[in-house]
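Peer 1: Have a peek at protein.cif (mmCIF, C-alpha atoms and all ligand atoms).
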data_final
loop_
_atom_site.label_atom_id
_atom_site.label_comp_id
_atom_site.auth_asym_id
_atom_site.auth_seq_id
_atom_site.Cartn_x
_atom_site.Cartn_y
_atom_site.Cartn_z
CA MET A 1 -4.93 -17.87 -14.25
CA PRO A 2 -2.94 -18.96 -11.22
CA ASP A 3 0.53 -18.24 -12.61
CA LYS A 4 -0.02 -14.64 -13.67
CA THR A 5 0.78 -11.84 -11.26
CA LEU A 6 -2.04 -9.42 -10.51
CA ILE A 7 -2.01 -6.12 -8.68
CA VAL A 8 -5.24 -5.28 -6.85
CA MET A 9 -5.64 -1.70 -5.64
CA LEU A 10 -7.60 -2.09 -2.40
CA GLY A 11 -7.26 1.51 -1.25
CA THR A 12 -5.92 4.49 -3.16
CA GLY A 13 -6.68 7.30 -0.74
CA THR A 14 -4.90 9.41 1.87
CA PRO A 15 -5.84 10.31 5.47
CA GLY A 16 -8.80 12.30 4.08
CA PRO A 17 -11.93 10.16 4.55
CA ASP A 18 -12.97 10.07 0.88
CA PRO A 19 -15.82 7.54 0.61
CA ASP A 20 -14.61 6.52 -2.86
CA ARG A 21 -11.01 5.88 -1.77
CA SER A 22 -10.15 3.63 1.13
CA GLY A 23 -6.88 4.13 2.97
CA PRO A 24 -3.68 2.91 1.33
CA ALA A 25 -3.70 -0.85 0.74
CA THR A 26 -2.43 -2.78 -2.28
CA ALA A 27 -2.32 -6.50 -2.93
CA ILE A 28 -0.01 -8.41 -5.21
CA ILE A 29 -1.36 -11.82 -6.15
CA ALA A 30 1.42 -14.16 -7.25
CA ASN A 31 0.65 -17.76 -8.24
CA GLY A 32 -2.74 -17.35 -6.60
CA THR A 33 -1.31 -16.19 -3.25
CA PRO A 34 -2.08 -12.68 -1.96
CA TYR A 35 0.61 -10.42 -0.47
CA LEU A 36 -0.70 -7.25 1.15
CA ILE A 37 1.11 -3.92 1.24
CA ASP A 38 -0.23 -1.52 3.88
CA PHE A 39 -3.53 -1.84 5.70
CA GLY A 40 -5.36 1.47 5.67
CA PRO A 41 -8.96 1.87 6.83
CA GLY A 42 -11.38 -0.34 4.91
CA VAL A 43 -8.78 -2.94 3.90
CA VAL A 44 -10.80 -6.06 4.72
CA ARG A 45 -14.03 -4.69 3.21
CA ARG A 46 -12.16 -3.85 0.00
CA ALA A 47 -10.57 -7.33 -0.09
CA ALA A 48 -14.08 -8.78 0.32
CA ALA A 49 -15.30 -6.56 -2.54
CA ALA A 50 -12.43 -7.76 -4.75
CA PHE A 51 -13.27 -11.37 -3.84
CA ARG A 52 -16.86 -10.75 -4.88
CA GLN A 53 -15.58 -9.33 -8.19
CA GLY A 54 -13.71 -12.56 -8.86
CA VAL A 55 -10.33 -12.19 -7.15
CA GLU A 56 -10.71 -15.48 -5.34
CA ALA A 57 -7.14 -15.46 -4.04
CA PHE A 58 -8.22 -13.38 -1.03
CA GLY A 59 -10.54 -16.14 0.15
CA PHE A 60 -13.96 -15.51 1.63
CA GLY A 61 -13.56 -12.97 4.45
CA ALA A 62 -9.95 -12.29 3.37
CA THR A 63 -8.93 -15.50 5.17
CA LYS A 64 -6.17 -16.23 2.66
CA ILE A 65 -4.16 -13.08 3.37
CA ARG A 66 -1.28 -14.58 5.33
CA ALA A 67 1.52 -12.08 4.67
CA ALA A 68 1.44 -8.30 4.94
CA PHE A 69 4.14 -5.67 4.41
CA LEU A 70 3.98 -2.22 5.97
CA THR A 71 5.72 0.75 4.34
CA HIS A 72 5.64 3.07 7.39
CA LEU A 73 3.82 3.69 10.63
CA HIS A 74 1.51 6.56 9.60
CA ALA A 75 -2.12 6.09 10.65
CA ASP A 76 -3.59 6.13 7.13
CA HIS A 77 -1.49 3.00 6.35
CA THR A 78 -2.10 1.18 9.65
CA ILE A 79 -5.62 1.91 10.92
CA GLY A 80 -6.78 -1.35 9.33
CA LEU A 81 -4.41 -3.42 11.50
CA PRO A 82 -6.97 -4.67 14.05
CA ASP A 83 -9.37 -5.35 11.17
CA LEU A 84 -6.71 -7.37 9.33
CA ILE A 85 -5.81 -9.34 12.47
CA LEU A 86 -9.30 -10.01 13.76
CA THR A 87 -11.87 -10.06 10.95
CA PRO A 88 -10.31 -12.79 8.75
CA TRP A 89 -9.63 -14.80 11.93
CA ILE A 90 -13.29 -14.58 12.93
CA MET A 91 -14.12 -15.61 9.36
CA GLY A 92 -11.96 -18.72 9.60
CA ARG A 93 -8.23 -18.01 9.27
CA TRP A 94 -6.49 -20.55 11.47
CA GLN A 95 -2.82 -19.82 10.64
CA PRO A 96 -0.82 -16.95 12.16
CA LEU A 97 -0.52 -13.77 10.10
CA ALA A 98 3.02 -12.74 9.12
CA ILE A 99 3.63 -8.98 9.14
CA PHE A 100 6.81 -7.24 8.02
CA GLY A 101 7.44 -3.56 8.67
CA PRO A 102 9.50 -0.82 10.29
CA LYS A 103 10.75 -0.65 13.84
CA GLY A 104 7.76 0.08 16.06
CA LEU A 105 5.49 -2.42 14.29
CA LYS A 106 5.95 -5.03 17.00
CA ALA A 107 4.84 -2.63 19.74
CA MET A 108 1.83 -1.59 17.64
CA CYS A 109 0.82 -5.24 17.11
CA ASP A 110 1.26 -6.07 20.81
CA HIS A 111 -0.95 -3.10 21.74
CA VAL A 112 -3.67 -4.16 19.30
CA LEU A 113 -3.71 -7.72 20.67
CA LYS A 114 -3.88 -6.31 24.21
CA ALA A 115 -6.68 -3.91 23.29
CA TRP A 116 -8.82 -6.78 21.97
CA LYS A 117 -7.72 -9.28 24.62
CA LEU A 118 -11.17 -9.77 26.09
CA ASP A 119 -12.83 -10.42 22.74
CA ILE A 120 -10.03 -12.77 21.65
CA ALA A 121 -10.32 -14.82 24.87
CA ASN A 122 -14.08 -14.89 24.48
CA ARG A 123 -13.92 -16.21 20.92
CA VAL A 124 -11.30 -18.84 21.76
CA ASN A 125 -12.89 -20.09 25.00
CA GLY A 126 -16.57 -19.39 24.30
CA ALA A 127 -19.05 -21.13 22.01
CA GLU A 128 -17.17 -20.14 18.82
CA LYS A 129 -14.08 -22.10 19.86
CA LEU A 130 -11.91 -20.25 17.33
CA CYS A 131 -8.40 -21.55 16.76
CA ALA A 132 -6.08 -19.41 18.91
CA ALA A 133 -3.23 -19.78 16.39
CA GLY A 134 -5.22 -17.86 13.78
CA CYS A 135 -5.02 -14.75 15.92
CA LYS A 136 -1.28 -15.02 16.48
CA LEU A 137 1.16 -12.77 14.64
CA LYS A 138 4.66 -13.36 13.33
CA VAL A 139 6.06 -9.85 13.30
CA THR A 140 9.39 -9.03 11.66
CA GLU A 141 10.89 -5.56 11.96
CA ILE A 142 12.80 -4.93 8.76
CA MET A 143 16.00 -3.33 7.51
CA PRO A 144 16.74 -2.43 3.89
CA GLY A 145 17.49 -5.47 1.72
CA LEU A 146 15.79 -8.79 0.95
CA ILE A 147 13.12 -9.20 3.63
CA TYR A 148 11.02 -12.08 2.35
CA GLN A 149 11.25 -14.92 -0.12
CA ASP A 150 9.12 -17.93 -0.99
CA ALA A 151 8.27 -19.88 -4.16
CA ASN A 152 6.11 -17.00 -5.46
CA VAL A 153 7.89 -13.77 -4.56
CA ALA A 154 11.07 -12.12 -3.41
CA VAL A 155 10.51 -8.84 -1.57
CA THR A 156 13.20 -6.19 -1.22
CA ALA A 157 12.76 -3.20 1.08
CA PHE A 158 14.50 0.11 0.48
CA LEU A 159 14.45 3.38 2.38
CA VAL A 160 12.48 6.31 1.01
CA ARG A 161 12.30 9.93 2.17
CA HIS A 162 9.15 10.75 4.12
CA GLY A 163 9.89 13.93 6.07
CA ASP A 164 10.23 13.36 9.80
CA MET A 165 8.88 9.80 9.62
CA ALA A 166 11.96 7.63 10.10
CA ASN A 167 12.16 4.15 8.59
CA ALA A 168 9.75 4.70 5.71
CA PHE A 169 10.18 2.00 3.08
CA GLY A 170 9.35 1.27 -0.53
CA PHE A 171 9.16 -2.35 -1.70
CA LYS A 172 10.18 -4.25 -4.81
CA PHE A 173 8.27 -7.46 -5.51
CA LYS A 174 9.84 -9.89 -7.94
CA THR A 175 7.44 -12.64 -9.02
CA THR A 176 7.82 -15.33 -11.67
CA ASP A 177 6.60 -12.97 -14.40
CA LYS A 178 6.78 -9.40 -13.08
CA SER A 179 8.85 -6.86 -11.19
CA ILE A 180 6.69 -4.40 -9.27
CA VAL A 181 7.85 -1.43 -7.20
CA ILE A 182 5.63 0.40 -4.74
CA SER A 183 6.76 3.74 -3.37
CA GLY A 184 4.85 3.96 -0.11
CA ASP A 185 4.84 7.62 0.92
CA THR A 186 7.89 9.54 -0.21
CA ALA A 187 9.36 12.76 -1.43
CA PRO A 188 11.46 12.31 -4.59
CA THR A 189 14.30 9.92 -3.88
CA GLU A 190 17.06 8.22 -5.85
CA THR A 191 16.24 4.85 -4.24
CA ILE A 192 13.00 4.74 -6.24
CA VAL A 193 14.86 5.41 -9.48
CA GLU A 194 17.41 2.68 -8.69
CA HIS A 195 14.90 0.01 -7.68
CA SER A 196 12.31 0.70 -10.37
CA ASP A 197 14.78 0.81 -13.25
CA ARG A 198 12.91 -0.77 -16.21
CA CYS A 199 10.48 -2.58 -13.91
CA ASP A 200 7.11 -3.78 -15.17
CA VAL A 201 4.99 -1.64 -12.86
CA LEU A 202 5.86 1.34 -10.68
CA ILE A 203 3.08 2.21 -8.23
CA HIS A 204 3.87 5.70 -6.97
CA GLU A 205 2.16 8.32 -4.84
CA ALA A 206 1.61 11.78 -6.37
CA TYR A 207 -0.01 15.14 -5.80
CA SER A 208 -0.83 17.60 -8.54
CA GLN A 209 0.89 20.95 -8.93
CA HIS A 210 -2.56 22.45 -9.34
CA THR A 211 -3.66 21.37 -5.84
CA TYR A 212 -0.26 22.30 -4.42
CA ASP A 213 -0.71 25.87 -5.64
CA ARG A 214 -4.00 26.07 -3.71
CA VAL A 215 -2.89 24.92 -0.25
CA SER A 216 -1.42 27.14 2.49
CA GLY A 217 2.30 27.78 2.95
CA LYS A 218 2.46 25.29 5.82
CA TRP A 219 0.99 22.50 3.71
CA LYS A 220 3.14 23.42 0.72
CA ALA A 221 6.22 22.92 2.90
CA TYR A 222 4.78 19.67 4.25
CA ARG A 223 4.16 18.30 0.79
CA ARG A 224 7.65 19.16 -0.41
CA LYS A 225 9.16 17.33 2.54
CA TYR A 226 6.88 14.29 2.58
CA HIS A 227 5.43 13.68 -0.87
CA THR A 228 6.09 13.78 -4.62
CA SER A 229 4.56 16.21 -7.12
CA SER A 230 3.40 15.31 -10.63
CA VAL A 231 6.36 17.18 -12.11
CA GLU A 232 8.86 15.42 -9.84
CA LEU A 233 7.32 12.02 -10.55
CA ALA A 234 7.44 12.66 -14.30
CA ARG A 235 11.21 13.16 -13.97
CA ILE A 236 11.61 9.99 -11.91
CA ALA A 237 9.57 7.89 -14.34
CA THR A 238 11.42 9.29 -17.35
CA ARG A 239 14.65 8.02 -15.81
CA ALA A 240 13.34 4.70 -14.44
CA LYS A 241 11.29 3.78 -17.56
CA PRO A 242 8.71 1.45 -15.98
CA LYS A 243 6.45 -0.34 -18.48
CA LEU A 244 3.48 1.06 -16.56
CA LEU A 245 3.25 3.87 -14.01
CA VAL A 246 0.29 3.63 -11.61
CA LEU A 247 -0.59 6.68 -9.50
CA TYR A 248 -2.07 6.21 -6.04
CA HIS A 249 -2.31 8.00 -2.67
CA ARG A 250 -3.55 11.02 -4.59
CA ALA A 251 -3.69 14.09 -2.34
CA SER A 252 -6.97 15.92 -2.69
CA PRO A 253 -6.86 19.25 -0.79
CA GLY A 254 -7.69 22.02 -3.19
CA GLY A 255 -8.78 19.44 -5.75
CA ALA A 256 -12.40 19.68 -4.64
CA ALA A 257 -12.69 22.88 -6.65
CA LEU A 258 -11.74 21.02 -9.82
CA PRO A 259 -14.38 19.26 -11.91
CA ASN A 260 -11.88 16.47 -12.65
CA PRO A 261 -8.79 16.52 -10.41
CA GLU A 262 -7.64 13.18 -11.81
CA ARG A 263 -7.45 14.48 -15.34
CA VAL A 264 -5.48 17.51 -14.12
CA LEU A 265 -2.97 15.22 -12.37
CA LEU A 266 -2.61 12.98 -15.44
CA GLU A 267 -2.21 15.93 -17.80
CA GLU A 268 0.54 17.40 -15.61
CA ILE A 269 2.44 14.11 -15.67
CA ARG A 270 1.91 13.48 -19.38
CA ARG A 271 3.31 16.91 -20.20
CA ALA A 272 6.71 15.75 -18.98
CA TYR A 273 6.49 11.93 -19.17
CA LYS A 274 5.86 10.02 -22.37
CA GLY A 275 5.42 6.48 -20.96
CA ASN A 276 2.22 4.64 -19.98
CA VAL A 277 0.56 6.13 -16.92
CA VAL A 278 -2.80 5.56 -15.21
CA VAL A 279 -4.54 6.88 -12.11
CA ALA A 280 -5.61 3.98 -9.89
CA HIS A 281 -9.05 3.65 -8.32
CA ASP A 282 -10.07 1.33 -5.51
CA LEU A 283 -10.58 -2.22 -6.84
CA ASP A 284 -8.69 -1.64 -10.08
CA VAL A 285 -6.75 -4.73 -11.14
CA PHE A 286 -3.54 -4.50 -13.18
ZN ZN B 301 -0.04 8.12 3.53
ZN ZN B 302 2.83 8.77 5.32
#
Please express what this file holds, its structure, as C-alpha cells.
Ligand SMILES: [Zn+2]
Ligand SMILES: [Zn+2]
Peer 2:
Amino acid sequence: MPDKTLIVMLGTGTPGPDPDRSGPATAIIANGTPYLIDFGPGVVRRAAAAFRQGVEAFGFGATKIRAAFLTHLHADHTIGLPDLILTPWIMGRWQPLAIFGPKGLKAMCDHVLKAWKLDIANRVNGAEKLCAAGCKLKVTEIMPGLIYQDANVAVTAFLVRHGDMANAFGFKFKTTDKSIVISGDTAPTETIVEHSDRCDVLIHEAYSQHTYDRVSGKWKAYRRKYHTSSVELARIATRAKPKLLVLYHRASPGGAALPNPERVLLEEIRRAYKGNVVVAHDLDVF
C-alpha cells in the first residue's frame, strides 16, 4: 500500500538500557519513503527488524533511509548517529544522508565522520570500493517553521520546552493522507496544543504519576522541568483532540516495582482523557 502513511515505532525507550525498548527513534513512511525522527541506540537494528516484518520501505540494511530529523541533542536520541551514517552505507547506500536538527548537529556529524575517518577511507579505497558519496551528509541546522518539503511530506519544526536543553523541537509531518505530530522530549507546552490541534496522530512522551511519586526530590524536579506527566498530557490531548494519542519515551524509574507499569500509565491518562490512546512498543506500526 504505497500511498498510505505508516508510523513505525523503532525505539520507544529512554536513556535507561531496557532490552525491550531501544532508544527513541520513529519512522514515518509516506508513499513508500521512510523519514526518520531521532536515532537512539539500536536504530538500524530495529529498522532491519521492521524490514524483516514486512516494512520494505526501509530497504535491506536500512539503505533507503535518506532523510532524518533530530528533535534535540540528548544522547538517548543521538547515540545511533554513527550507526545510521555507517551501517546502511556499508550495506549499499550510495546517496548522501540528509539530516535536519538543532544547532550543534553539524559539529556532532563532523566529529562522527572524523572519528571513523580511518574506516571510511579503508572502505572507499580498499577492496570494498564503497561509493564515497554514500557516506556524505547534508546537514541542515533548523529554526522553527517549515524545514522540509517534497512530494510526500511537509515537515514543520516547533520549539518545545525541555529544561536546560536549548533548541529542543517537536515536528509536524503532513503527508497526503495524515497529519502527525511528534513531541520529542518536552514538559507541557502550548506549542504542542497548537500544532496537534485535531491532527490524526499525536505521538507524545509521558511518565506516570505513580512512578513520579516514587523517585527522589531531585528527579521529581527534573521531570517537572523536562518531561510531561500522564495528568498533564491528558489535559493537552483533551484540548488538542488528536484522533489517536500514542505514548512513547515512557520513563521507567520506580515502575520496576509495578507488575504492569504500562497499564498504570494508561489508566492515569484515561481517567482524565476520553479519546483513543495507546502505549507504543518497539516495532508497533500505526
Ligand atoms: Zn529522551
Ligand atoms: Zn531529552
Peer 1: Can you tell me which residues sit at most 9 Å away from ligand ZN 302 (chain B), counting all atoms listed in the file, written as a PyMOL selection string?
Peer 2: chain A and resi 14-15+71-77+162-163+165+168+184-186+226-227
Peer 1: Go through A:Pro17, A:Gly92, A:Gly104, A:Gly40 and flag the residue nearest ligand ZN 301 (chain B), using all atoms listed in the file for the distances.
Peer 2: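 Under the stated criterion, the closest residue is A:Gly40.
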Peer 1: So the first atom is atom CA of Lys172 of chain A and the second is atom CA of Val155 of chain A; what is the distance between them in Å, to one decimal place?
Peer 2: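 Separating atom CA of Lys172 of chain A from atom CA of Val155 of chain A is a distance of 5.6 Å.
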Peer 1: Quick one: of A:Leu137, A:Val8, A:Ala25, A:Ile37, who's nearest to Phe58 of chain A, counting all atoms listed in the file?
Peer 2: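 Smallest distance to Phe58 of chain A is found for A:Val8.
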Peer 1: Which residue is closest to ligand ZN 301 (chain B)? Choose from A:Glu205, A:Asp177, A:Glu262, A:Glu56 and count all atoms listed in the file.
Peer 2: A:Glu205
Peer 1: If I take atom CA of Asn152 of chain A and atom CA of Thr33 of chain A, how far is one from the other in Å, to one decimal?
Peer 2: 7.8 Å
Peer 1: Excluding same-chain residues fewer than 3 positions from Ala57 of chain A, what lies within 8 Å of it counting only C-alpha atoms, as a VMD selection string?
Peer 2: chain A and resid 29 32 to 34 51 64
